[in-house]
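So the structure is just underneath, and the comments pick up after that.
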Amino acid sequence: MAHLLGAETLGLEYPTTKVFESVSLGVNEGDRIGIVGRNGDGKSSLLAMLAGRMQPDSGRVTVRGGVRVGVLDQVDVFDDDETVGHAVVGDRPDHEWAGDAKVRDVIGGLLGDVEWTAPTSSLSGGQLRRVSLARLLAGEHDVLALDEPTNHLDVEAITWLAEHLKRRWPANAGGLMVVTHDRWFLDEVCTVTWEVHDRIVEPFEGGYAAYILQRVERDRQAAAVEARRQNLARKELAWLRRGAPARTSKPKFRIDAANALIADVPPVRDTVALQSLATARLGKDVVDLLDVSVSYGDRDVLDGVEWRLAPGERTGILGVNGAGKSTLLGLIAGTVEPTGGRVKRGKTVKVATLTQRLDDLDRYLDDPVRVVIAELQTTYTFGSGSKAQDLSPSQLLERLGFDSAQLSTPVRDLSGGQKRRLQLLLILLDAPNVLILDEPTNDLDTDMLAALEDLLDSWPGTLIVVSHDRYFLERVTDQQFAVLDGKLRHLPNGVDEFLKLRAAQSKAATAGPGSGGSGSGSGGSGSTSGGSGSTLSGAELRAANKELASLERRIDKLHSKIDSARAALADHDQSDYQGLAAETESIRAMETELAEVEERWMELGEALE
């Protein structure tokens, strides 16, 4: 594949730390690269150097002649008097950009609800992010460098962006580099993962799931190194295989190897024990919403909602901006009163909410972290039975990524991610038994998200989560609901079902009442089989399942043959160059065949979903 850009022996140093030391890497045609790592390890600096926005202290970045690089920064900057339309298409005549199918697709996908002539100064953070994305994606670029593109976006916008990036270039054209903590997005879009750590960049094949598997294998080989990261990664891999097996069908790695790795890993949560402990703390009554309605003036937000929260229930809430999610959370927290129906609350219920804002910390801004936690209770118990742990506030801080030196740091000098973690710690140590998390993943890197998920796995209470991070939402909750048209609707198939419902709503709204849409007859969305989303006929479905089983047997045989050939190659006479070359070529041929068979296997798997 043709080379697009590359870095040779990059070095970067700040007055107090060395960020990179002799990093060499490249981006080729067809590369879709996700960049992960802890906050502060240099992900954004690496992206900026590769995109030409920052000069390294040593080494150099080379870009092939004629290659156009487009950059999305973390911060969305516009002139105050600039309109949305001018920000996206500039001074291009209307007939020119409107005649461009790609530009129309971008505008329709990102800016459908944004006024074209509105000044950018009047937009929300999420709308500004979408305008920045539209401005970039409406242009012609050979390489895109995206820094946290999913920040402030809702689930639908993130899904649209993933689909756009997957089809933007042909399979072996264009290059993508993306820094993001959104693990679903990494899995959906990326074919290579770069982990930034300890002044180096370590490449891994595949998206986030494949990266986790390979990182576990690396950590198992050096068991004494970063033991805590190893345990979290293995636990996350267990969830990837058990809770969402479709994720691991996309990267090309051996599924039997993944199963072997997690054979001795217990489920991520002991649901029975946690529910038992939650019942002991809460009793049988938590919060019941009984035929609840809420109106603001003439606007009905919620209408006839029935919801009985159970002890230990872990629920994710989905909905577009303005659908009523915040109102629903306010009813549970007691900050919103219903205009119809009633809210019944258990006597022992103690609700705490992690909001998107950080003003909870304002009274601590001048205090060092150690002074803040000294005011809290001395221990906190996580888990139950033999797995119960009594943790001090300092131990909890350590689990959330603080080191001893940071205990002396004033709160105002903490990073956004550190403040977010301290905010959560203060809430947990106040010992609520109902916890509401409103966009808790903001400012957290993937390792910190795994640590937070690990902490929540042993938290014994009723958990309600609102998040646009679908990986986090599916990982920490056991069921999902959506606020749609003022109602609360259960989503047995999670986020995918929500997206299908929203797509159907949009289609119905576009079609209008006079478009001939079918009623309760057999027309509509096409035939399905067995309740799945597949549109194959019965005969096609049987043939596809038969071919899928045959391909799986072929994959197993090829893996066995390749393993045997590699073992034979290791034992081969190393002076027999011709024989070694012949065996190596044979292995390459089998690996090529394996890749083709796996490609067909994945195509069939997607058709049968």
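How things are named: the first chain in the structure tokens is A, the next is B, and so on; residues count from 1 in each chain; ligands count from 1 in the order shown.
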
Might you pull out every residue within 7 Å of stretch 321-332 of chain A, with only C-alpha atoms counted and same-chain residues fewer than 5 positions away left off, and present them as a PyMOL selection string?
-> chain A and resi 287+301-302+337+483-484

Nearest candidate to A:Gly316 (options A:Leu186, A:Ile373, A:Leu491, A:Leu499; using only C-alpha atoms) |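 Between A:Leu186, A:Ile373, A:Leu491, A:Leu499, the residue approaching A:Gly316 most closely is A:Leu491.
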
Got a sec: who's within 9 Å of A:Gly90, counting only C-alpha atoms, leaving out chain neighbours fewer than 4 positions off, as a ChimeraX atom specification?
-> /A:85-86,135

File dump, residues just selected, N, CA, C and O atoms, as an mmCIF file, in the first residue's frame:
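For reference, part-v3.cif as written:
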data_model
loop_
_atom_site.group_PDB
_atom_site.id
_atom_site.type_symbol
_atom_site.label_atom_id
_atom_site.label_comp_id
_atom_site.auth_asym_id
_atom_site.auth_seq_id
_atom_site.Cartn_x
_atom_site.Cartn_y
_atom_site.Cartn_z
ATOM 1 N N GLY A 85 -23.720 28.270 7.750
ATOM 2 C CA GLY A 85 -23.490 27.973 6.338
ATOM 3 C C GLY A 85 -22.110 28.389 5.875
ATOM 4 O O GLY A 85 -21.413 27.636 5.182
ATOM 5 N N HIS A 86 -21.691 29.601 6.258
ATOM 6 C CA HIS A 86 -20.378 30.078 5.828
ATOM 7 C C HIS A 86 -19.264 29.263 6.485
ATOM 8 O O HIS A 86 -18.221 29.002 5.863
ATOM 9 N N ARG A 135 -17.651 21.077 8.517
ATOM 10 C CA ARG A 135 -16.681 21.907 7.794
ATOM 11 C C ARG A 135 -15.515 21.056 7.284
ATOM 12 O O ARG A 135 -15.071 21.205 6.142
#

Taking the chain letters and numbering used in this document, name the residues of stretch 345-516 of chain A that DSSP puts in helix (DSSP H, G or I), as a PyMOL selection string.
-> chain A and resi 359-364+369-374+385-387+393-399+404-408+411-413+416-428+446-457+470-476+494-511

So, counting only C-alpha atoms, which residue among A:Val61, A:Ala565, A:Val36, A:Leu444 is closest to A:Ser415?
-> A:Leu444

Within 6 Å of stretch 445-451 of chain A, counting only C-alpha atoms, which residues show up once you throw out same-chain ones fewer than 3 positions away? Write them as a ChimeraX atom specification, please.
-> /A:38-39,181,454

Please identify all polymer residues within 9 Å of A:Glu13, counting only C-alpha atoms, omitting same-chain residues fewer than 6 positions from it, and present them as a list of chain:residue names.
->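 The filter keeps A:Val19, A:Phe20, A:Glu21, A:Pro56, A:Asp57.
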
If you count only C-alpha atoms, the residue of A:Leu133, A:Leu426, A:Met49, A:Val351 closest to A:Gln74 turns out to be A:Leu133

Counting only C-alpha atoms, figure out which residue out of A:Val23, A:Leu396, A:Ala431, A:Leu473 gets nearest to A:Pro460.
->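 For A:Pro460, the nearest of the given residues is A:Ala431.
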
Could you write out, as a PDB file with C-alpha atoms, in the first residue's frame, all the residues of stretch 271-482 of chain A that DSSP marks as strand (DSSP E)?
ATOM      1  CA  VAL A 287     -38.518   4.822  43.496  1.00  0.00           C
ATOM      2  CA  ASP A 288     -41.785   4.183  41.652  1.00  0.00           C
ATOM      3  CA  LEU A 289     -43.040   6.490  38.906  1.00  0.00           C
ATOM      4  CA  LEU A 290     -46.779   5.885  38.728  1.00  0.00           C
ATOM      5  CA  ASP A 291     -48.533   7.243  35.606  1.00  0.00           C
ATOM      6  CA  VAL A 292     -46.265  10.292  35.810  1.00  0.00           C
ATOM      7  CA  SER A 293     -46.565  13.243  33.452  1.00  0.00           C
ATOM      8  CA  VAL A 294     -44.510  16.441  33.331  1.00  0.00           C
ATOM      9  CA  SER A 295     -45.360  19.581  31.368  1.00  0.00           C
ATOM     10  CA  TYR A 296     -43.584  22.911  31.058  1.00  0.00           C
ATOM     11  CA  ARG A 299     -45.101  21.573  26.240  1.00  0.00           C
ATOM     12  CA  ASP A 300     -45.663  17.989  27.373  1.00  0.00           C
ATOM     13  CA  VAL A 301     -42.295  16.372  28.131  1.00  0.00           C
ATOM     14  CA  LEU A 302     -43.347  13.095  29.777  1.00  0.00           C
ATOM     15  CA  ASP A 303     -46.754  11.494  29.480  1.00  0.00           C
ATOM     16  CA  GLY A 304     -48.053   8.605  31.601  1.00  0.00           C
ATOM     17  CA  VAL A 305     -44.674   7.102  32.490  1.00  0.00           C
ATOM     18  CA  GLU A 306     -44.750   3.899  34.577  1.00  0.00           C
ATOM     19  CA  TRP A 307     -41.417   2.771  36.035  1.00  0.00           C
ATOM     20  CA  ARG A 308     -40.660   0.866  39.209  1.00  0.00           C
ATOM     21  CA  ARG A 314     -28.639  -1.119  36.561  1.00  0.00           C
ATOM     22  CA  THR A 315     -30.364   0.827  33.794  1.00  0.00           C
ATOM     23  CA  GLY A 316     -29.161   2.933  30.869  1.00  0.00           C
ATOM     24  CA  ILE A 317     -31.323   5.765  29.521  1.00  0.00           C
ATOM     25  CA  LEU A 318     -31.227   6.862  25.874  1.00  0.00           C
ATOM     26  CA  GLY A 340     -49.636  14.381  36.757  1.00  0.00           C
ATOM     27  CA  GLY A 341     -49.428  11.024  38.510  1.00  0.00           C
ATOM     28  CA  ARG A 342     -47.186  10.524  41.539  1.00  0.00           C
ATOM     29  CA  VAL A 343     -43.699   9.486  42.604  1.00  0.00           C
ATOM     30  CA  LYS A 344     -43.461   6.953  45.421  1.00  0.00           C
ATOM     31  CA  ARG A 345     -40.135   6.861  47.241  1.00  0.00           C
ATOM     32  CA  VAL A 351     -30.048   9.491  45.790  1.00  0.00           C
ATOM     33  CA  ALA A 352     -26.816  11.033  44.513  1.00  0.00           C
ATOM     34  CA  THR A 353     -26.210  12.476  41.044  1.00  0.00           C
ATOM     35  CA  LEU A 354     -22.949  12.873  39.135  1.00  0.00           C
ATOM     36  CA  TYR A 380     -15.955   2.389  52.275  1.00  0.00           C
ATOM     37  CA  THR A 381     -17.103  -1.180  51.539  1.00  0.00           C
ATOM     38  CA  PHE A 382     -17.354  -2.454  47.976  1.00  0.00           C
ATOM     39  CA  GLN A 389     -13.409  -4.914  50.343  1.00  0.00           C
ATOM     40  CA  ASP A 390     -12.942  -2.100  52.841  1.00  0.00           C
ATOM     41  CA  LEU A 391     -11.149   0.676  50.983  1.00  0.00           C
ATOM     42  CA  VAL A 434     -29.274   5.153  44.266  1.00  0.00           C
ATOM     43  CA  LEU A 435     -26.632   6.585  41.939  1.00  0.00           C
ATOM     44  CA  ILE A 436     -27.418   8.655  38.829  1.00  0.00           C
ATOM     45  CA  LEU A 437     -24.571   9.186  36.357  1.00  0.00           C
ATOM     46  CA  ASP A 438     -25.165  11.912  33.756  1.00  0.00           C
ATOM     47  CA  THR A 462     -29.470   1.030  42.037  1.00  0.00           C
ATOM     48  CA  LEU A 463     -27.593   2.585  39.121  1.00  0.00           C
ATOM     49  CA  ILE A 464     -29.037   4.811  36.385  1.00  0.00           C
ATOM     50  CA  VAL A 465     -26.779   5.977  33.567  1.00  0.00           C
ATOM     51  CA  VAL A 466     -27.283   8.542  30.813  1.00  0.00           C
ATOM     52  CA  GLN A 479     -30.901  -3.100  30.558  1.00  0.00           C
ATOM     53  CA  GLN A 480     -31.646   0.024  28.543  1.00  0.00           C
ATOM     54  CA  PHE A 481     -34.701   2.249  28.148  1.00  0.00           C
ATOM     55  CA  ALA A 482     -35.406   5.134  25.764  1.00  0.00           C
TER      56      ALA A 482
END

Rounded to one decimal in Å, what is the spacing between atom CA of A:Arg412 and atom CA of A:Gly125?
->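 Result for atom CA of A:Arg412 versus atom CA of A:Gly125: 22.9 Å, one decimal.
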
When distances are computed from only C-alpha atoms, which of A:Arg502, A:Gly461, A:Trp169, A:Arg68 shows the smallest separation from A:Ala157?
->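 Using only C-alpha atoms, the shortest distance to A:Ala157 belongs to A:Arg502.
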
Spatial neighbours of stretch 580-590 of chain A, 7 Å, only C-alpha atoms, chain gap at least 6 places, as a PyMOL selection string | chain A and resi 558+562+565+569

Resulting file, chosen residues, N, CA, C and O atoms, as a PDB file, in the first residue's frame:
ATOM      1  N   LEU A 558      -7.514 -24.307   8.920  1.00  0.00           N
ATOM      2  CA  LEU A 558      -6.417 -23.464   8.459  1.00  0.00           C
ATOM      3  C   LEU A 558      -5.539 -23.012   9.620  1.00  0.00           C
ATOM      4  O   LEU A 558      -4.310 -22.976   9.514  1.00  0.00           O
ATOM      5  N   ILE A 562      -1.627 -23.856   9.840  1.00  0.00           N
ATOM      6  CA  ILE A 562      -0.641 -22.769   9.961  1.00  0.00           C
ATOM      7  C   ILE A 562       0.221 -22.967  11.206  1.00  0.00           C
ATOM      8  O   ILE A 562       1.450 -22.803  11.170  1.00  0.00           O
ATOM      9  N   ALA A 565       2.623 -25.765  10.522  1.00  0.00           N
ATOM     10  CA  ALA A 565       3.663 -25.338   9.577  1.00  0.00           C
ATOM     11  C   ALA A 565       4.682 -24.434  10.259  1.00  0.00           C
ATOM     12  O   ALA A 565       5.889 -24.528   9.996  1.00  0.00           O
ATOM     13  N   LEU A 569       8.578 -25.136  10.706  1.00  0.00           N
ATOM     14  CA  LEU A 569       9.555 -24.161  10.230  1.00  0.00           C
ATOM     15  C   LEU A 569      10.620 -23.895  11.294  1.00  0.00           C
ATOM     16  O   LEU A 569      11.806 -23.746  10.987  1.00  0.00           O
TER      17      LEU A 569
END

Quick one: residues within 8 Å of A:Arg60, only C-alpha atoms counted, chain neighbours fewer than 6 positions away excluded, as a PyMOL selection string?
-> chain A and resi 7-10
